[in-house]
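**Q** What follows is a single structure, and I will ask about it in a moment.
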Amino acid sequence: MKVETLRWFNNRLEMVDQRILPAAFEYLSYYTAASVAEGIRSMVVRGAPAIGVSAAYGVALEALRLQDKSAVEFKEGMEVGFTVLAASRPTAVNLFWALQRMRKVWEGVVTQSPQEIAQRLLAEAHEILAEDIRINKAMGAHGAALLKDGARVLTHCNAGALATAGWGTALGVFRSAVEAGKKISIIADETRPFLQGARLTAWEMVQENIPVTLITDNMAGYMMAQGEVDAVVVGTDRVAANGDVANKIGTYMVAVLAKRHNIPFYVACPLSTIDLNIASGKDIPIEERSADEVKGFRDTHWAAEGVKIRNPAFDVTPAELVTGLITERGVVLQPDAQGIRKLMAG
Ligand code: MRU
């Protein structure tokens with residue numbers, strides 16, 4: 001089954017509701033920038049590239065909604081749409097990358113009628129979606145070459161088709177390796193507290209018959225010490241100019257363990273996730289989410305009432321722990337400021 005995380009259908013955006021997977025597979029419909037922003041905030045859609053693609057559609061939807069207004073009202077409404085979308089989640093830079101790209105397109109046709117602008121913005125959103133899948137396949141090919149036949153690969157969170165427009169970044173590497181005839185198996189960290197590993201990565205791999213074993217996050221060290229992990233591949237939400245990597249909370253712990261056990265630690269990273277405006281990981285904004293996510297899951301709460309709770313949703317892995325960044329332009333080994341600059345210069 002090919003997962004279409006987001007799709008354009010009957011003049012609206014449809015997104016798989018990732019909050020209820022894998023118990024149910026349902027699409028929700030979106031008509032406005034504000035509703036798409038709410039879909040991002042509430043995690044109907046998540047994963048850095050998928051957030052970027054949905055934000056691009058959010059801009060296009062807003063333009064379609066406002067296309068019969070006067071030029072002044074159109075412009076004012078669009079600015080509100082951009083602002084609401086930009087406030088939806090702070091860490092994944094793909095959100096801001098996509099909004100900037102849509103704004104540039106708008107500026108290029110700003111003298112045209114709102115109807116024409118709306119059509120141009122919609123075409124750009126379609127292009128961003130298609131491009132994302134092409135990029136993931138290119139990254140997949142580069143990354144697959146790093147995995148040996150029979151490799152047992154650990155991943156954290158979900159950097160799969162569900163986190164992108166399709167194929168995935170880290171899971172795209174696994175899909176490409178399997179397509180190239182390699183027999184690999186995946187170890188999926190459960191990924192507390194939102195359970196992207198248990199609910200989404202495990203589901204994606206099971207759907208495709210790629211062997212997958214689920215572990216809780218605190219089992220990774222044991223598995224590595226037992227010699228049961230040959231490589232780690234994860235995704236990322238933002239890479240700073242010096243190569244520091246922000247990704248789902250717990251990734252840093254996995255990277256430290258991988259270093260301790262001499263296991264290569266790779267990060268699948270489209271160029272749209274690299275933020276040259278941020279010098280190092282300490283400046284990457286880290287989202288703090290609701291205490292309810294840590295208290296329990298959905299309506300079941302197991303934590304002691306009244307306890308103080310922290311819920312940072314991401315952490316930063318220093319570049320020195322990263323064996324290589326897998327990008328659509330190839331693999332950057334031991335990423336640092338110089339390597340990243342060279343990569344971005346093409
Ligand atoms: O909070 P989430 O589910 O949006 O976090 C997702 C991740 O951390 C992913 O690893 C990252 O976005 C890369 S997705 C290709």
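How things are named: the first chain in the structure tokens is A, the next is B, and so on; residues count from 1 in each chain; ligands count from 1 in the order shown.
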Using only C-alpha atoms, which protein or nucleic acid residues come within 10 Å of A:Pro90? Drop anything in the same chain fewer than 5 positions from it, and give the result as a list in words.
**A** Arg41, Leu95, Phe96, Asp237, Ile284, Pro285, Ile286, Glu287 and Glu288 of chain A
**Q** Looking only at alpha helix (DSSP H) from DSSP on the backbone, list the matching residues of stretch 29-67 of chain A as a count of residues only.
**A** 28
**Q** Please identify all polymer residues within 6 Å of A:Ala246, counting only C-alpha atoms, omitting same-chain residues fewer than 4 positions from it, and present them as JSON, numbers by chain.
**A** {"A": [236, 237, 238, 315, 316]}
**Q** For ligand 1, which residue among A:Glu179, A:Glu26, A:Glu293, A:Glu124 is the nearest when counting only C-alpha atoms and all ligand atoms?
**A** A:Glu293
**Q** Pick out the residues sitting within 12 Å of A:Val109, and hand them over as a ChimeraX atom specification; count only C-alpha atoms, and ignore anything fewer than 5 positions along from it in its own chain.
**A** /A:102-104,114-121
**Q** Can I get the selection written as an mmCIF file, in the first residue's frame, with all heavy atoms?
**A**
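Writing done, so here's out_30.cif:
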```cif
data_model
loop_
_atom_site.group_PDB
_atom_site.id
_atom_site.type_symbol
_atom_site.label_atom_id
_atom_site.label_comp_id
_atom_site.auth_asym_id
_atom_site.auth_seq_id
_atom_site.Cartn_x
_atom_site.Cartn_y
_atom_site.Cartn_z
ATOM 1 N N MET A 102 6.935 30.071 -1.041
ATOM 2 C CA MET A 102 5.616 30.488 -1.518
ATOM 3 C C MET A 102 5.542 32.017 -1.602
ATOM 4 O O MET A 102 4.951 32.579 -2.535
ATOM 5 C CB MET A 102 4.518 29.946 -0.598
ATOM 6 C CG MET A 102 4.402 28.440 -0.587
ATOM 7 S SD MET A 102 4.018 27.721 -2.210
ATOM 8 C CE MET A 102 2.241 27.938 -2.281
ATOM 9 N N ARG A 103 6.157 32.683 -0.632
ATOM 10 C CA ARG A 103 6.138 34.154 -0.661
ATOM 11 C C ARG A 103 6.880 34.682 -1.890
ATOM 12 O O ARG A 103 6.430 35.612 -2.551
ATOM 13 C CB ARG A 103 6.745 34.718 0.624
ATOM 14 C CG ARG A 103 6.731 36.236 0.686
ATOM 15 C CD ARG A 103 7.252 36.762 1.989
ATOM 16 N NE ARG A 103 6.310 36.619 3.084
ATOM 17 C CZ ARG A 103 5.247 37.395 3.292
ATOM 18 N NH1 ARG A 103 4.985 38.393 2.460
ATOM 19 N NH2 ARG A 103 4.455 37.201 4.318
ATOM 20 N N LYS A 104 7.976 34.069 -2.213
ATOM 21 C CA LYS A 104 8.770 34.478 -3.379
ATOM 22 C C LYS A 104 7.957 34.333 -4.659
ATOM 23 O O LYS A 104 7.978 35.205 -5.537
ATOM 24 C CB LYS A 104 10.027 33.610 -3.474
ATOM 25 C CG LYS A 104 11.296 34.379 -3.224
ATOM 26 C CD LYS A 104 12.472 33.583 -3.653
ATOM 27 C CE LYS A 104 13.670 34.520 -3.739
ATOM 28 N NZ LYS A 104 14.883 33.814 -3.429
ATOM 29 N N PRO A 114 -5.884 38.256 -8.223
ATOM 30 C CA PRO A 114 -5.884 37.250 -7.158
ATOM 31 C C PRO A 114 -6.141 35.827 -7.692
ATOM 32 O O PRO A 114 -5.532 34.876 -7.224
ATOM 33 C CB PRO A 114 -7.008 37.716 -6.235
ATOM 34 C CG PRO A 114 -7.006 39.204 -6.394
ATOM 35 C CD PRO A 114 -6.676 39.445 -7.844
ATOM 36 N N GLN A 115 -7.031 35.714 -8.688
ATOM 37 C CA GLN A 115 -7.303 34.373 -9.251
ATOM 38 C C GLN A 115 -6.043 33.777 -9.866
ATOM 39 O O GLN A 115 -5.738 32.601 -9.667
ATOM 40 C CB GLN A 115 -8.394 34.420 -10.340
ATOM 41 C CG GLN A 115 -9.794 34.636 -9.819
ATOM 42 C CD GLN A 115 -10.151 36.117 -9.747
ATOM 43 O OE1 GLN A 115 -9.278 36.994 -9.793
ATOM 44 N NE2 GLN A 115 -11.432 36.397 -9.620
ATOM 45 N N GLU A 116 -5.326 34.616 -10.623
ATOM 46 C CA GLU A 116 -4.097 34.116 -11.261
ATOM 47 C C GLU A 116 -3.035 33.785 -10.212
ATOM 48 O O GLU A 116 -2.333 32.777 -10.317
ATOM 49 C CB GLU A 116 -3.560 35.156 -12.257
ATOM 50 C CG GLU A 116 -4.391 35.229 -13.524
ATOM 51 C CD GLU A 116 -4.074 36.465 -14.375
ATOM 52 O OE1 GLU A 116 -3.789 37.546 -13.807
ATOM 53 O OE2 GLU A 116 -4.128 36.337 -15.608
ATOM 54 N N ILE A 117 -2.939 34.629 -9.191
ATOM 55 C CA ILE A 117 -1.960 34.380 -8.119
ATOM 56 C C ILE A 117 -2.288 33.045 -7.432
ATOM 57 O O ILE A 117 -1.405 32.224 -7.180
ATOM 58 C CB ILE A 117 -1.963 35.535 -7.087
ATOM 59 C CG1 ILE A 117 -1.495 36.834 -7.740
ATOM 60 C CG2 ILE A 117 -1.082 35.193 -5.887
ATOM 61 C CD1 ILE A 117 -1.646 38.073 -6.859
ATOM 62 N N ALA A 118 -3.589 32.850 -7.161
ATOM 63 C CA ALA A 118 -4.000 31.615 -6.468
ATOM 64 C C ALA A 118 -3.603 30.391 -7.292
ATOM 65 O O ALA A 118 -3.088 29.405 -6.748
ATOM 66 C CB ALA A 118 -5.501 31.639 -6.212
ATOM 67 N N GLN A 119 -3.817 30.444 -8.588
ATOM 68 C CA GLN A 119 -3.465 29.291 -9.442
ATOM 69 C C GLN A 119 -1.960 29.050 -9.438
ATOM 70 O O GLN A 119 -1.497 27.912 -9.405
ATOM 71 C CB GLN A 119 -3.969 29.498 -10.881
ATOM 72 C CG GLN A 119 -5.477 29.343 -11.026
ATOM 73 C CD GLN A 119 -6.013 28.042 -10.391
ATOM 74 O OE1 GLN A 119 -5.433 26.968 -10.554
ATOM 75 N NE2 GLN A 119 -7.117 28.139 -9.648
ATOM 76 N N ARG A 120 -1.194 30.141 -9.472
ATOM 77 C CA ARG A 120 0.272 30.003 -9.478
ATOM 78 C C ARG A 120 0.761 29.404 -8.144
ATOM 79 O O ARG A 120 1.655 28.545 -8.131
ATOM 80 C CB ARG A 120 0.900 31.398 -9.711
ATOM 81 C CG ARG A 120 2.389 31.423 -9.733
ATOM 82 C CD ARG A 120 2.963 30.623 -10.907
ATOM 83 N NE ARG A 120 4.395 30.425 -10.740
ATOM 84 C CZ ARG A 120 4.957 29.423 -10.054
ATOM 85 N NH1 ARG A 120 4.193 28.501 -9.476
ATOM 86 N NH2 ARG A 120 6.254 29.328 -9.945
ATOM 87 N N LEU A 121 0.138 29.838 -7.043
ATOM 88 C CA LEU A 121 0.548 29.314 -5.730
ATOM 89 C C LEU A 121 0.170 27.836 -5.581
ATOM 90 O O LEU A 121 0.928 27.038 -5.022
ATOM 91 C CB LEU A 121 -0.083 30.147 -4.601
ATOM 92 C CG LEU A 121 0.491 31.571 -4.464
ATOM 93 C CD1 LEU A 121 -0.313 32.382 -3.454
ATOM 94 C CD2 LEU A 121 1.969 31.527 -4.046
#
```
**Q** Need to verify the contact set: stretch 255-269 of chain A, 6 Å, only C-alpha atoms, exclusion of same-chain residues closer than 6 positions in sequence. Can you return it as a PyMOL selection string?
**A** chain A and resi 169-170+231-235+322-327
**Q** Kindly save the residues from that selection, with all heavy atoms included, as a short mmCIF file (atom, residue, chain, number, x, y, z; two decimals), in the first residue's frame.
**A**
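Saved to again_33.cif:
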```
data_model
loop_
_atom_site.label_atom_id
_atom_site.label_comp_id
_atom_site.auth_asym_id
_atom_site.auth_seq_id
_atom_site.Cartn_x
_atom_site.Cartn_y
_atom_site.Cartn_z
N THR A 169 12.55 9.98 4.47
CA THR A 169 13.99 10.30 4.46
C THR A 169 14.75 9.10 5.03
O THR A 169 15.30 8.31 4.26
CB THR A 169 14.27 11.60 5.23
OG1 THR A 169 13.90 11.46 6.60
CG2 THR A 169 13.53 12.78 4.62
N ALA A 170 14.74 8.89 6.35
CA ALA A 170 15.42 7.70 6.90
C ALA A 170 14.75 6.42 6.39
O ALA A 170 15.42 5.50 5.92
CB ALA A 170 15.39 7.76 8.43
N ALA A 231 23.95 -0.08 12.34
CA ALA A 231 23.95 1.33 11.93
C ALA A 231 22.71 2.00 12.50
O ALA A 231 21.73 1.33 12.85
CB ALA A 231 23.94 1.45 10.41
N VAL A 232 22.78 3.33 12.61
CA VAL A 232 21.61 4.12 12.99
C VAL A 232 21.33 5.09 11.85
O VAL A 232 22.27 5.70 11.32
CB VAL A 232 21.87 4.93 14.29
CG1 VAL A 232 20.68 5.82 14.62
CG2 VAL A 232 22.19 4.00 15.46
N VAL A 233 20.07 5.21 11.44
CA VAL A 233 19.69 6.24 10.47
C VAL A 233 18.45 6.95 11.03
O VAL A 233 17.46 6.29 11.35
CB VAL A 233 19.37 5.68 9.07
CG1 VAL A 233 19.05 6.82 8.09
CG2 VAL A 233 20.51 4.83 8.53
N VAL A 234 18.54 8.27 11.16
CA VAL A 234 17.40 9.06 11.64
C VAL A 234 17.14 10.22 10.67
O VAL A 234 17.95 10.50 9.78
CB VAL A 234 17.66 9.64 13.06
CG1 VAL A 234 17.81 8.54 14.09
CG2 VAL A 234 18.89 10.54 13.06
N GLY A 235 16.03 10.90 10.87
CA GLY A 235 15.74 12.11 10.11
C GLY A 235 16.15 13.33 10.91
O GLY A 235 16.83 13.23 11.93
N VAL A 322 27.93 12.85 14.49
CA VAL A 322 27.26 12.45 13.24
C VAL A 322 28.28 11.87 12.26
O VAL A 322 29.23 12.55 11.87
CB VAL A 322 26.54 13.67 12.60
CG1 VAL A 322 25.87 13.27 11.28
CG2 VAL A 322 25.51 14.25 13.57
N THR A 323 28.10 10.63 11.87
CA THR A 323 29.01 9.99 10.92
C THR A 323 28.83 10.59 9.53
O THR A 323 29.80 10.81 8.80
CB THR A 323 28.73 8.47 10.86
OG1 THR A 323 28.70 7.97 12.19
CG2 THR A 323 29.77 7.73 10.03
N GLY A 324 27.59 10.84 9.15
CA GLY A 324 27.35 11.41 7.83
C GLY A 324 25.95 11.96 7.68
O GLY A 324 25.01 11.47 8.30
N LEU A 325 25.84 13.03 6.88
CA LEU A 325 24.53 13.57 6.50
C LEU A 325 24.21 13.02 5.12
O LEU A 325 24.99 13.20 4.18
CB LEU A 325 24.59 15.09 6.37
CG LEU A 325 24.58 16.00 7.58
CD1 LEU A 325 24.51 17.45 7.12
CD2 LEU A 325 23.41 15.67 8.51
N ILE A 326 23.07 12.37 4.99
CA ILE A 326 22.66 11.83 3.69
C ILE A 326 21.73 12.86 3.04
O ILE A 326 20.66 13.15 3.59
CB ILE A 326 21.91 10.49 3.87
CG1 ILE A 326 22.77 9.48 4.62
CG2 ILE A 326 21.46 9.94 2.51
CD1 ILE A 326 22.00 8.28 5.16
N THR A 327 22.15 13.45 1.96
CA THR A 327 21.32 14.47 1.29
C THR A 327 21.04 14.05 -0.15
O THR A 327 21.61 13.07 -0.62
CB THR A 327 22.03 15.85 1.26
OG1 THR A 327 22.99 15.84 0.19
CG2 THR A 327 22.73 16.17 2.57
#
```
**Q** Could you list, with a cut-off of 7 Å and counting only C-alpha atoms and all ligand atoms, the residues of chain A near ligand 1, each shown with its nearest atom pair and the distance in Å rounded to one decimal, rows sorted by chain and ascending number, as JSON lines?
**A**
```
{"residue": "A:Arg46", "atom": "CA", "partner": "ligand 1", "partner_atom_place_in_ligand_line": "4 (O)", "distance": 3.9}
{"residue": "A:Gly47", "atom": "CA", "partner": "ligand 1", "partner_atom_place_in_ligand_line": "12 (O)", "distance": 3.5}
{"residue": "A:Ala48", "atom": "CA", "partner": "ligand 1", "partner_atom_place_in_ligand_line": "12 (O)", "distance": 3.8}
{"residue": "A:Pro49", "atom": "CA", "partner": "ligand 1", "partner_atom_place_in_ligand_line": "15 (C)", "distance": 5.9}
{"residue": "A:Ala92", "atom": "CA", "partner": "ligand 1", "partner_atom_place_in_ligand_line": "12 (O)", "distance": 6.6}
{"residue": "A:His156", "atom": "CA", "partner": "ligand 1", "partner_atom_place_in_ligand_line": "10 (O)", "distance": 6.9}
{"residue": "A:Cys157", "atom": "CA", "partner": "ligand 1", "partner_atom_place_in_ligand_line": "10 (O)", "distance": 5.3}
{"residue": "A:Asn158", "atom": "CA", "partner": "ligand 1", "partner_atom_place_in_ligand_line": "10 (O)", "distance": 5.4}
{"residue": "A:Ala159", "atom": "CA", "partner": "ligand 1", "partner_atom_place_in_ligand_line": "15 (C)", "distance": 3.7}
{"residue": "A:Gly160", "atom": "CA", "partner": "ligand 1", "partner_atom_place_in_ligand_line": "15 (C)", "distance": 6.0}
{"residue": "A:Ala163", "atom": "CA", "partner": "ligand 1", "partner_atom_place_in_ligand_line": "14 (S)", "distance": 4.7}
{"residue": "A:Thr164", "atom": "CA", "partner": "ligand 1", "partner_atom_place_in_ligand_line": "15 (C)", "distance": 5.9}
{"residue": "A:Gly168", "atom": "CA", "partner": "ligand 1", "partner_atom_place_in_ligand_line": "15 (C)", "distance": 5.9}
{"residue": "A:Thr169", "atom": "CA", "partner": "ligand 1", "partner_atom_place_in_ligand_line": "15 (C)", "distance": 4.9}
{"residue": "A:Ala170", "atom": "CA", "partner": "ligand 1", "partner_atom_place_in_ligand_line": "15 (C)", "distance": 6.7}
{"residue": "A:Gln196", "atom": "CA", "partner": "ligand 1", "partner_atom_place_in_ligand_line": "3 (O)", "distance": 6.3}
{"residue": "A:Val234", "atom": "CA", "partner": "ligand 1", "partner_atom_place_in_ligand_line": "10 (O)", "distance": 6.2}
{"residue": "A:Gly235", "atom": "CA", "partner": "ligand 1", "partner_atom_place_in_ligand_line": "13 (C)", "distance": 3.9}
{"residue": "A:Thr236", "atom": "CA", "partner": "ligand 1", "partner_atom_place_in_ligand_line": "13 (C)", "distance": 4.1}
{"residue": "A:Asp237", "atom": "CA", "partner": "ligand 1", "partner_atom_place_in_ligand_line": "12 (O)", "distance": 4.5}
{"residue": "A:Asn247", "atom": "CA", "partner": "ligand 1", "partner_atom_place_in_ligand_line": "8 (O)", "distance": 4.5}
{"residue": "A:Lys248", "atom": "CA", "partner": "ligand 1", "partner_atom_place_in_ligand_line": "8 (O)", "distance": 3.6}
{"residue": "A:Ala313", "atom": "CA", "partner": "ligand 1", "partner_atom_place_in_ligand_line": "1 (O)", "distance": 6.3}
{"residue": "A:Phe314", "atom": "CA", "partner": "ligand 1", "partner_atom_place_in_ligand_line": "8 (O)", "distance": 6.8}
```
**Q** Put those residues in a file: C-alpha atoms, as a JSON list (two decimals), in the first residue's frame.
**A**
```json
[["chain", "number", "residue", "atom", "x", "y", "z"],
["A", 46, "ARG", "CA", 3.99, 15.97, 11.43],
["A", 47, "GLY", "CA", 7.54, 15.37, 10.29],
["A", 48, "ALA", "CA", 9.61, 18.23, 8.93],
["A", 49, "PRO", "CA", 9.11, 17.81, 5.14],
["A", 92, "ALA", "CA", 11.20, 22.14, 11.77],
["A", 156, "HIS", "CA", 14.17, 6.88, 16.11],
["A", 157, "CYS", "CA", 10.79, 8.60, 15.62],
["A", 158, "ASN", "CA", 9.19, 8.44, 12.16],
["A", 159, "ALA", "CA", 11.08, 9.83, 9.20],
["A", 160, "GLY", "CA", 8.99, 7.87, 6.74],
["A", 163, "ALA", "CA", 6.73, 12.47, 7.66],
["A", 164, "THR", "CA", 7.11, 13.57, 4.03],
["A", 168, "GLY", "CA", 10.50, 9.14, 3.50],
["A", 169, "THR", "CA", 13.99, 10.30, 4.46],
["A", 170, "ALA", "CA", 15.42, 7.70, 6.90],
["A", 196, "GLN", "CA", 5.87, 7.97, 16.39],
["A", 234, "VAL", "CA", 17.40, 9.06, 11.64],
["A", 235, "GLY", "CA", 15.74, 12.11, 10.11],
["A", 236, "THR", "CA", 16.05, 15.72, 11.23],
["A", 237, "ASP", "CA", 13.99, 18.86, 11.75],
["A", 247, "ASN", "CA", 15.62, 15.82, 15.80],
["A", 248, "LYS", "CA", 12.98, 14.11, 17.93],
["A", 313, "ALA", "CA", 9.90, 17.67, 21.80],
["A", 314, "PHE", "CA", 13.36, 17.79, 20.19]]
```
**Q** I'd like to know which of A:Ala34, A:Leu154, A:Gln338, A:Glu328 is closest to A:Asp132, using only C-alpha atoms.
**A**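 Of A:Ala34, A:Leu154, A:Gln338, A:Glu328, the one nearest A:Asp132 is A:Glu328, counting only C-alpha atoms.
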**Q** Counting only C-alpha atoms, what is within 10 Å of stretch 73-80 of chain A, bar same-chain residues fewer than 2 positions away, as number ranges by chain?
**A** A: 33-34, 59-71, 82-86, 103, 106, 110, 113-114
**Q** Which residues are near A:Lys308? Cut-off 12 Å, only C-alpha atoms, ignore same chain within fewer than 2 positions. Put them as number ranges by chain.
**A** A: 290-292, 294-295, 303-306, 310-311
